[in-house]
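A short worksheet on the structure shown next.
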Amino acid sequence: MALFLVMIVGALSSTADSDLSALSSIVMADIYGQNVAARGKARAKTMLFVGRVTMIVATTIAVVLAGMQLDILDMLVFVGALWGALVFPVIASFYWQKITNAGFVTAVLTALAVFVPVRFGWVPLDVTLFALAIDVLAAVGVGVVLGLMAFGFFGLQVGKVVGIAAVAVTLPFALGSLHDYTVLSASLVAYSVSTLVCLAICLPNSATFDFSAIQKRVGNFDTTPAQPETPETVSAGTTREESPTWKL
């Protein structure tokens, strides 16, 4: 029993520190390095400070939430819905040239805005229109999940066929019944809404993203070349560590 407890704590700790590192990198590199600081003027020490502060703030918030003794199942469901809102926009951003920042952000926020009232029963399900809408969106969510899984294994064309077929098969069974399973339908709605909104915004986009420009845009935060370590620079107190070139 003690061994299993150690394994569980270790797995949770490993997941937590990985999430903190990812969050720290996002705030440090994407928010500060690319948006707050002027292009080419991001300071390495400031980036490191921002990353550390982000970890401290995130840990503090996590401790506060843990002290509130919220239902762990509700928390897990919310995290699952968050992933559901992110899955399609994130995958599309790697492969689809029409994806835009506006489409990504709007899709995620809209999916979360729809998920919350569905999950907590704020939608009047006794109204037929709302109940049918949730059932249809949940059926589309099944197609999105299965389509993305097929895309990962077999490619885009198979993913499209599997997704459409899954919706066609699920829809007759979903109508009139799926909204009764609140947790399941809410999570599926998050998948479907994020996908539909992202497609609606990005499909009319005539411009295509040049993936070869990623390295140029986000590769270097400090374009000032590092000074070589010589006796003169060391005596003057200027070393390589004080003016590094950041390449991610």
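Scheme for the structure tokens: letters A, B, ... for chains in order shown; per-chain residue numbers from 1; ligand numbers from 1 in order shown.
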
Task: Who sits within 12 Å of A:Ser21, only C-alpha atoms, same chain under 5 positions skipped, as a count of residues only - done: 16

Task: Polymer residues at most 8 Å from A:Phe88, only C-alpha atoms, same-chain spacing of 3 or more positions, as a VMD selection string - done: chain A and resid 84 to 85 91 to 92 148 191 194 to 195

Residue subset to file, keeping all heavy atoms, as a PDB file, in the first residue's frame:
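In the end it all went to result-v3.pdb:
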ATOM      1  N   GLY A  84     -10.879  19.534 -23.941  1.00  0.00           N
ATOM      2  CA  GLY A  84     -11.784  19.404 -25.073  1.00  0.00           C
ATOM      3  C   GLY A  84     -11.902  20.684 -25.881  1.00  0.00           C
ATOM      4  O   GLY A  84     -11.976  20.652 -27.110  1.00  0.00           O
ATOM      5  N   ALA A  85     -11.902  21.811 -25.194  1.00  0.00           N
ATOM      6  CA  ALA A  85     -11.979  23.091 -25.889  1.00  0.00           C
ATOM      7  C   ALA A  85     -10.694  23.422 -26.641  1.00  0.00           C
ATOM      8  O   ALA A  85     -10.712  24.185 -27.608  1.00  0.00           O
ATOM      9  CB  ALA A  85     -12.294  24.206 -24.885  1.00  0.00           C
ATOM     10  N   ILE A  91      -4.387  21.190 -32.439  1.00  0.00           N
ATOM     11  CA  ILE A  91      -3.970  20.313 -33.536  1.00  0.00           C
ATOM     12  C   ILE A  91      -4.030  21.054 -34.872  1.00  0.00           C
ATOM     13  O   ILE A  91      -3.123  20.927 -35.714  1.00  0.00           O
ATOM     14  CB  ILE A  91      -4.844  19.050 -33.564  1.00  0.00           C
ATOM     15  CG1 ILE A  91      -4.610  18.227 -32.299  1.00  0.00           C
ATOM     16  CG2 ILE A  91      -4.545  18.208 -34.804  1.00  0.00           C
ATOM     17  CD1 ILE A  91      -5.462  16.988 -32.196  1.00  0.00           C
ATOM     18  N   ALA A  92      -5.073  21.849 -35.069  1.00  0.00           N
ATOM     19  CA  ALA A  92      -5.195  22.599 -36.321  1.00  0.00           C
ATOM     20  C   ALA A  92      -4.058  23.596 -36.488  1.00  0.00           C
ATOM     21  O   ALA A  92      -3.598  23.837 -37.611  1.00  0.00           O
ATOM     22  CB  ALA A  92      -6.538  23.331 -36.362  1.00  0.00           C
ATOM     23  N   LEU A 148     -10.445  12.974 -34.889  1.00  0.00           N
ATOM     24  CA  LEU A 148      -9.076  13.355 -34.548  1.00  0.00           C
ATOM     25  C   LEU A 148      -8.218  12.137 -34.245  1.00  0.00           C
ATOM     26  O   LEU A 148      -7.025  12.103 -34.593  1.00  0.00           O
ATOM     27  CB  LEU A 148      -9.094  14.305 -33.348  1.00  0.00           C
ATOM     28  CG  LEU A 148      -9.645  15.713 -33.601  1.00  0.00           C
ATOM     29  CD1 LEU A 148      -9.704  16.509 -32.312  1.00  0.00           C
ATOM     30  CD2 LEU A 148      -8.800  16.452 -34.636  1.00  0.00           C
ATOM     31  N   TYR A 191     -15.945  19.916 -27.117  1.00  0.00           N
ATOM     32  CA  TYR A 191     -15.217  19.495 -28.319  1.00  0.00           C
ATOM     33  C   TYR A 191     -15.869  20.066 -29.579  1.00  0.00           C
ATOM     34  O   TYR A 191     -15.187  20.610 -30.459  1.00  0.00           O
ATOM     35  CB  TYR A 191     -15.193  17.968 -28.412  1.00  0.00           C
ATOM     36  CG  TYR A 191     -14.143  17.300 -27.571  1.00  0.00           C
ATOM     37  CD1 TYR A 191     -14.443  16.815 -26.304  1.00  0.00           C
ATOM     38  CD2 TYR A 191     -12.846  17.123 -28.050  1.00  0.00           C
ATOM     39  CE1 TYR A 191     -13.489  16.189 -25.522  1.00  0.00           C
ATOM     40  CE2 TYR A 191     -11.880  16.489 -27.282  1.00  0.00           C
ATOM     41  CZ  TYR A 191     -12.205  16.020 -26.022  1.00  0.00           C
ATOM     42  OH  TYR A 191     -11.255  15.402 -25.260  1.00  0.00           O
ATOM     43  N   SER A 194     -15.841  24.158 -29.943  1.00  0.00           N
ATOM     44  CA  SER A 194     -14.523  24.703 -30.297  1.00  0.00           C
ATOM     45  C   SER A 194     -14.186  24.402 -31.755  1.00  0.00           C
ATOM     46  O   SER A 194     -13.627  25.247 -32.461  1.00  0.00           O
ATOM     47  CB  SER A 194     -13.452  24.126 -29.377  1.00  0.00           C
ATOM     48  OG  SER A 194     -13.278  22.742 -29.591  1.00  0.00           O
ATOM     49  N   THR A 195     -14.546  23.207 -32.215  1.00  0.00           N
ATOM     50  CA  THR A 195     -14.262  22.841 -33.600  1.00  0.00           C
ATOM     51  C   THR A 195     -15.095  23.666 -34.575  1.00  0.00           C
ATOM     52  O   THR A 195     -14.576  24.214 -35.556  1.00  0.00           O
ATOM     53  CB  THR A 195     -14.552  21.341 -33.820  1.00  0.00           C
ATOM     54  OG1 THR A 195     -13.751  20.577 -32.924  1.00  0.00           O
ATOM     55  CG2 THR A 195     -14.244  20.944 -35.251  1.00  0.00           C
TER      56      THR A 195
END

TODO: Extract, using only C-alpha atoms, all DNA, RNA and protein residues at most 12 Å from A:Leu129, discarding same-chain residues fewer than 6 positions from it, and format them as a PyMOL selection string.
DONE: chain A and resi 123+135-136+175-176+179

For the residues in the current selection, export all heavy atoms as a PDB file, in the first residue's frame.
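Output contents, as saved in result04.pdb:
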ATOM      1  N   VAL A 123     -28.877  25.309 -18.195  1.00  0.00           N
ATOM      2  CA  VAL A 123     -29.650  25.321 -19.431  1.00  0.00           C
ATOM      3  C   VAL A 123     -30.993  24.635 -19.175  1.00  0.00           C
ATOM      4  O   VAL A 123     -31.022  23.506 -18.659  1.00  0.00           O
ATOM      5  CB  VAL A 123     -28.892  24.586 -20.557  1.00  0.00           C
ATOM      6  CG1 VAL A 123     -29.728  24.566 -21.830  1.00  0.00           C
ATOM      7  CG2 VAL A 123     -27.544  25.250 -20.813  1.00  0.00           C
ATOM      8  N   ASP A 135     -28.014  17.789 -27.699  1.00  0.00           N
ATOM      9  CA  ASP A 135     -27.854  16.444 -28.253  1.00  0.00           C
ATOM     10  C   ASP A 135     -27.102  16.480 -29.585  1.00  0.00           C
ATOM     11  O   ASP A 135     -26.211  15.654 -29.832  1.00  0.00           O
ATOM     12  CB  ASP A 135     -29.228  15.797 -28.457  1.00  0.00           C
ATOM     13  CG  ASP A 135     -29.910  15.464 -27.142  1.00  0.00           C
ATOM     14  OD1 ASP A 135     -29.200  15.369 -26.125  1.00  0.00           O
ATOM     15  OD2 ASP A 135     -31.152  15.321 -27.137  1.00  0.00           O
ATOM     16  N   VAL A 136     -27.449  17.421 -30.442  1.00  0.00           N
ATOM     17  CA  VAL A 136     -26.779  17.527 -31.745  1.00  0.00           C
ATOM     18  C   VAL A 136     -25.304  17.889 -31.559  1.00  0.00           C
ATOM     19  O   VAL A 136     -24.418  17.284 -32.188  1.00  0.00           O
ATOM     20  CB  VAL A 136     -27.491  18.562 -32.635  1.00  0.00           C
ATOM     21  CG1 VAL A 136     -26.682  18.826 -33.902  1.00  0.00           C
ATOM     22  CG2 VAL A 136     -28.889  18.091 -32.987  1.00  0.00           C
ATOM     23  N   LEU A 175     -30.316  11.989 -30.069  1.00  0.00           N
ATOM     24  CA  LEU A 175     -31.482  12.867 -30.015  1.00  0.00           C
ATOM     25  C   LEU A 175     -32.480  12.391 -28.963  1.00  0.00           C
ATOM     26  O   LEU A 175     -32.943  11.252 -28.995  1.00  0.00           O
ATOM     27  CB  LEU A 175     -32.149  12.935 -31.390  1.00  0.00           C
ATOM     28  CG  LEU A 175     -31.363  13.660 -32.492  1.00  0.00           C
ATOM     29  CD1 LEU A 175     -32.110  13.581 -33.807  1.00  0.00           C
ATOM     30  CD2 LEU A 175     -31.100  15.103 -32.097  1.00  0.00           C
ATOM     31  N   GLY A 176     -32.760  13.276 -28.043  1.00  0.00           N
ATOM     32  CA  GLY A 176     -33.754  12.986 -27.026  1.00  0.00           C
ATOM     33  C   GLY A 176     -33.243  12.281 -25.789  1.00  0.00           C
ATOM     34  O   GLY A 176     -34.002  12.081 -24.839  1.00  0.00           O
ATOM     35  N   HIS A 179     -28.657  14.398 -23.635  1.00  0.00           N
ATOM     36  CA  HIS A 179     -28.594  15.541 -22.720  1.00  0.00           C
ATOM     37  C   HIS A 179     -28.888  15.129 -21.276  1.00  0.00           C
ATOM     38  O   HIS A 179     -28.621  15.893 -20.346  1.00  0.00           O
ATOM     39  CB  HIS A 179     -29.574  16.634 -23.154  1.00  0.00           C
ATOM     40  CG  HIS A 179     -31.001  16.197 -23.120  1.00  0.00           C
ATOM     41  ND1 HIS A 179     -31.640  15.633 -24.207  1.00  0.00           N
ATOM     42  CD2 HIS A 179     -31.942  16.234 -22.130  1.00  0.00           C
ATOM     43  CE1 HIS A 179     -32.889  15.352 -23.892  1.00  0.00           C
ATOM     44  NE2 HIS A 179     -33.097  15.701 -22.634  1.00  0.00           N
TER      45      HIS A 179
END

Using the chain letters and numbers from this document, which residues of stretch 105-159 of chain A does DSSP assign to helix (DSSP H, G or I), as a PDB file with C-alpha atoms, in the first residue's frame?
ATOM      1  CA  VAL A 105      -8.891  32.181 -28.920  1.00  0.00           C
ATOM      2  CA  THR A 106     -12.546  32.675 -29.857  1.00  0.00           C
ATOM      3  CA  ALA A 107     -13.088  28.934 -30.291  1.00  0.00           C
ATOM      4  CA  VAL A 108     -11.621  28.079 -26.884  1.00  0.00           C
ATOM      5  CA  LEU A 109     -13.467  30.814 -24.985  1.00  0.00           C
ATOM      6  CA  THR A 110     -16.775  30.061 -26.698  1.00  0.00           C
ATOM      7  CA  ALA A 111     -16.457  26.352 -25.942  1.00  0.00           C
ATOM      8  CA  LEU A 112     -15.821  27.065 -22.261  1.00  0.00           C
ATOM      9  CA  ALA A 113     -18.688  29.563 -22.160  1.00  0.00           C
ATOM     10  CA  VAL A 114     -21.046  26.893 -23.484  1.00  0.00           C
ATOM     11  CA  PHE A 115     -19.620  24.072 -21.354  1.00  0.00           C
ATOM     12  CA  VAL A 116     -20.142  25.753 -17.982  1.00  0.00           C
ATOM     13  CA  PRO A 117     -23.939  26.287 -18.179  1.00  0.00           C
ATOM     14  CA  VAL A 118     -24.459  22.837 -19.691  1.00  0.00           C
ATOM     15  CA  ARG A 119     -22.339  21.127 -17.050  1.00  0.00           C
ATOM     16  CA  THR A 128     -37.123  21.041 -26.435  1.00  0.00           C
ATOM     17  CA  LEU A 129     -35.028  23.409 -28.518  1.00  0.00           C
ATOM     18  CA  PHE A 130     -32.204  23.566 -25.961  1.00  0.00           C
ATOM     19  CA  ALA A 131     -32.263  19.817 -25.327  1.00  0.00           C
ATOM     20  CA  LEU A 132     -32.059  19.005 -29.040  1.00  0.00           C
ATOM     21  CA  ALA A 133     -29.283  21.543 -29.541  1.00  0.00           C
ATOM     22  CA  ILE A 134     -27.198  19.899 -26.811  1.00  0.00           C
ATOM     23  CA  ASP A 135     -27.854  16.444 -28.253  1.00  0.00           C
ATOM     24  CA  VAL A 136     -26.779  17.527 -31.745  1.00  0.00           C
ATOM     25  CA  LEU A 137     -23.650  19.267 -30.470  1.00  0.00           C
ATOM     26  CA  ALA A 138     -22.765  16.244 -28.331  1.00  0.00           C
ATOM     27  CA  ALA A 139     -23.117  13.960 -31.369  1.00  0.00           C
ATOM     28  CA  VAL A 140     -20.824  16.277 -33.317  1.00  0.00           C
ATOM     29  CA  GLY A 141     -18.396  16.088 -30.386  1.00  0.00           C
ATOM     30  CA  VAL A 142     -18.280  12.298 -30.759  1.00  0.00           C
ATOM     31  CA  GLY A 143     -17.387  12.775 -34.411  1.00  0.00           C
ATOM     32  CA  VAL A 144     -14.665  15.279 -33.519  1.00  0.00           C
ATOM     33  CA  VAL A 145     -13.068  12.932 -30.979  1.00  0.00           C
ATOM     34  CA  LEU A 146     -13.104   9.875 -33.228  1.00  0.00           C
ATOM     35  CA  GLY A 147     -12.119  11.907 -36.278  1.00  0.00           C
ATOM     36  CA  LEU A 148      -9.076  13.355 -34.548  1.00  0.00           C
ATOM     37  CA  MET A 149      -8.037   9.914 -33.329  1.00  0.00           C
ATOM     38  CA  ALA A 150      -8.334   8.521 -36.858  1.00  0.00           C
ATOM     39  CA  PHE A 151      -6.431  11.523 -38.216  1.00  0.00           C
ATOM     40  CA  GLY A 152      -3.575  10.811 -35.823  1.00  0.00           C
ATOM     41  CA  PHE A 153      -3.257   7.218 -36.985  1.00  0.00           C
ATOM     42  CA  PHE A 154      -4.309   7.246 -40.629  1.00  0.00           C
ATOM     43  CA  LEU A 156      -6.654  13.606 -42.881  1.00  0.00           C
ATOM     44  CA  GLN A 157      -8.906  11.836 -45.378  1.00  0.00           C
ATOM     45  CA  VAL A 158      -9.574   8.883 -43.085  1.00  0.00           C
ATOM     46  CA  GLY A 159     -10.115  11.285 -40.196  1.00  0.00           C
TER      47      GLY A 159
END

Open item on the list: Taking 4 positions as the minimum chain separation for residues in the same chain, which residues sit within 10 Å of A:Trp83 when counting only C-alpha atoms? Answer as a ChimeraX atom specification.
Closed with: /A:77-79,87-88,90,108,187,190-191

Convert the current residue selection to file output with all heavy atoms, as an mmCIF file, in the first residue's frame.
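In the end it all went to again.cif:
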data_model
loop_
_atom_site.group_PDB
_atom_site.id
_atom_site.type_symbol
_atom_site.label_atom_id
_atom_site.label_comp_id
_atom_site.auth_asym_id
_atom_site.auth_seq_id
_atom_site.Cartn_x
_atom_site.Cartn_y
_atom_site.Cartn_z
ATOM 1 N N VAL A 77 -13.498 16.865 -14.295
ATOM 2 C CA VAL A 77 -14.395 17.101 -15.422
ATOM 3 C C VAL A 77 -14.109 18.447 -16.069
ATOM 4 O O VAL A 77 -14.095 18.579 -17.299
ATOM 5 C CB VAL A 77 -15.860 17.014 -14.957
ATOM 6 C CG1 VAL A 77 -16.799 17.512 -16.050
ATOM 7 C CG2 VAL A 77 -16.215 15.586 -14.572
ATOM 8 N N PHE A 78 -13.859 19.467 -15.235
ATOM 9 C CA PHE A 78 -13.556 20.788 -15.781
ATOM 10 C C PHE A 78 -12.255 20.765 -16.578
ATOM 11 O O PHE A 78 -12.160 21.368 -17.654
ATOM 12 C CB PHE A 78 -13.462 21.809 -14.657
ATOM 13 C CG PHE A 78 -13.192 23.207 -15.143
ATOM 14 C CD1 PHE A 78 -14.216 23.976 -15.661
ATOM 15 C CD2 PHE A 78 -11.910 23.732 -15.106
ATOM 16 C CE1 PHE A 78 -13.973 25.260 -16.129
ATOM 17 C CE2 PHE A 78 -11.651 25.008 -15.569
ATOM 18 C CZ PHE A 78 -12.689 25.776 -16.079
ATOM 19 N N VAL A 79 -11.241 20.069 -16.050
ATOM 20 C CA VAL A 79 -9.971 19.953 -16.785
ATOM 21 C C VAL A 79 -10.187 19.227 -18.109
ATOM 22 O O VAL A 79 -9.633 19.604 -19.147
ATOM 23 C CB VAL A 79 -8.919 19.228 -15.922
ATOM 24 C CG1 VAL A 79 -7.667 18.925 -16.746
ATOM 25 C CG2 VAL A 79 -8.557 20.070 -14.716
ATOM 26 N N VAL A 87 -8.370 20.978 -27.863
ATOM 27 C CA VAL A 87 -7.795 19.920 -28.697
ATOM 28 C C VAL A 87 -7.794 20.277 -30.180
ATOM 29 O O VAL A 87 -6.746 20.276 -30.835
ATOM 30 C CB VAL A 87 -8.544 18.589 -28.468
ATOM 31 C CG1 VAL A 87 -8.215 17.594 -29.572
ATOM 32 C CG2 VAL A 87 -8.151 18.005 -27.126
ATOM 33 N N PHE A 88 -8.963 20.589 -30.740
ATOM 34 C CA PHE A 88 -9.001 20.864 -32.181
ATOM 35 C C PHE A 88 -8.194 22.110 -32.561
ATOM 36 O O PHE A 88 -7.409 22.053 -33.519
ATOM 37 C CB PHE A 88 -10.439 20.995 -32.667
ATOM 38 C CG PHE A 88 -10.525 21.259 -34.150
ATOM 39 C CD1 PHE A 88 -10.480 20.208 -35.048
ATOM 40 C CD2 PHE A 88 -10.633 22.555 -34.641
ATOM 41 C CE1 PHE A 88 -10.546 20.444 -36.415
ATOM 42 C CE2 PHE A 88 -10.697 22.802 -36.000
ATOM 43 C CZ PHE A 88 -10.656 21.744 -36.895
ATOM 44 N N VAL A 90 -5.614 23.421 -31.141
ATOM 45 C CA VAL A 90 -4.178 23.152 -31.003
ATOM 46 C C VAL A 90 -3.678 22.284 -32.150
ATOM 47 O O VAL A 90 -2.650 22.573 -32.781
ATOM 48 C CB VAL A 90 -3.885 22.478 -29.647
ATOM 49 C CG1 VAL A 90 -2.461 21.926 -29.620
ATOM 50 C CG2 VAL A 90 -4.074 23.466 -28.514
ATOM 51 N N VAL A 108 -11.838 28.605 -28.242
ATOM 52 C CA VAL A 108 -11.621 28.079 -26.884
ATOM 53 C C VAL A 108 -12.555 28.766 -25.889
ATOM 54 O O VAL A 108 -13.212 28.104 -25.070
ATOM 55 C CB VAL A 108 -10.150 28.258 -26.473
ATOM 56 C CG1 VAL A 108 -9.957 27.872 -25.007
ATOM 57 C CG2 VAL A 108 -9.243 27.412 -27.353
ATOM 58 N N SER A 187 -18.975 17.719 -21.843
ATOM 59 C CA SER A 187 -17.619 17.570 -22.377
ATOM 60 C C SER A 187 -17.631 17.440 -23.893
ATOM 61 O O SER A 187 -16.799 18.041 -24.588
ATOM 62 C CB SER A 187 -16.950 16.345 -21.753
ATOM 63 O OG SER A 187 -16.840 16.495 -20.353
ATOM 64 N N ALA A 190 -18.118 20.753 -25.531
ATOM 65 C CA ALA A 190 -16.887 21.559 -25.575
ATOM 66 C C ALA A 190 -16.067 21.213 -26.809
ATOM 67 O O ALA A 190 -15.525 22.100 -27.484
ATOM 68 C CB ALA A 190 -16.083 21.339 -24.301
ATOM 69 N N TYR A 191 -15.945 19.916 -27.117
ATOM 70 C CA TYR A 191 -15.217 19.495 -28.319
ATOM 71 C C TYR A 191 -15.869 20.066 -29.579
ATOM 72 O O TYR A 191 -15.187 20.610 -30.459
ATOM 73 C CB TYR A 191 -15.193 17.968 -28.412
ATOM 74 C CG TYR A 191 -14.143 17.300 -27.571
ATOM 75 C CD1 TYR A 191 -14.443 16.815 -26.304
ATOM 76 C CD2 TYR A 191 -12.846 17.123 -28.050
ATOM 77 C CE1 TYR A 191 -13.489 16.189 -25.522
ATOM 78 C CE2 TYR A 191 -11.880 16.489 -27.282
ATOM 79 C CZ TYR A 191 -12.205 16.020 -26.022
ATOM 80 O OH TYR A 191 -11.255 15.402 -25.260
#

Task: Nearest candidate to A:Asn205 (options A:Ala166, A:Leu20, A:Ile99, A:Val193; using only C-alpha atoms) - done: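 The closest residue to A:Asn205 is A:Ile99.
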
TODO: Would you mind telling me which residue in A:Ile72, A:Ala102, A:Val162, A:Leu171 lies nearest to A:Ala200 when using only C-alpha atoms?
DONE: A:Ala102

TODO: Report the distance between atom CA of A:Ser206 and atom CA of A:Asn101 in Å, rounded to one decimal place.
DONE: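 Pair atom CA of A:Ser206 / atom CA of A:Asn101 returns 14.4 Å.
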
TODO: Would you please work out which residue, of A:Asn35, A:Val63, A:Ala2, A:Ser93, is nearest to A:Phe209 when using only C-alpha atoms?
DONE: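 Under the stated criterion, the closest residue is A:Ser93.
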
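Atom pair atom CA of A:Asp180 / atom CA of A:Trp122: separated by 13.3 Å.
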
- [ ] In Å, rounded to a single decimal, give me how far atom CA of A:Ser25 is from atom CA of A:Thr46.
- [x]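 Taking atom CA of A:Thr46 as the start and atom CA of A:Ser25 as the end point, the length is 12.8 Å.
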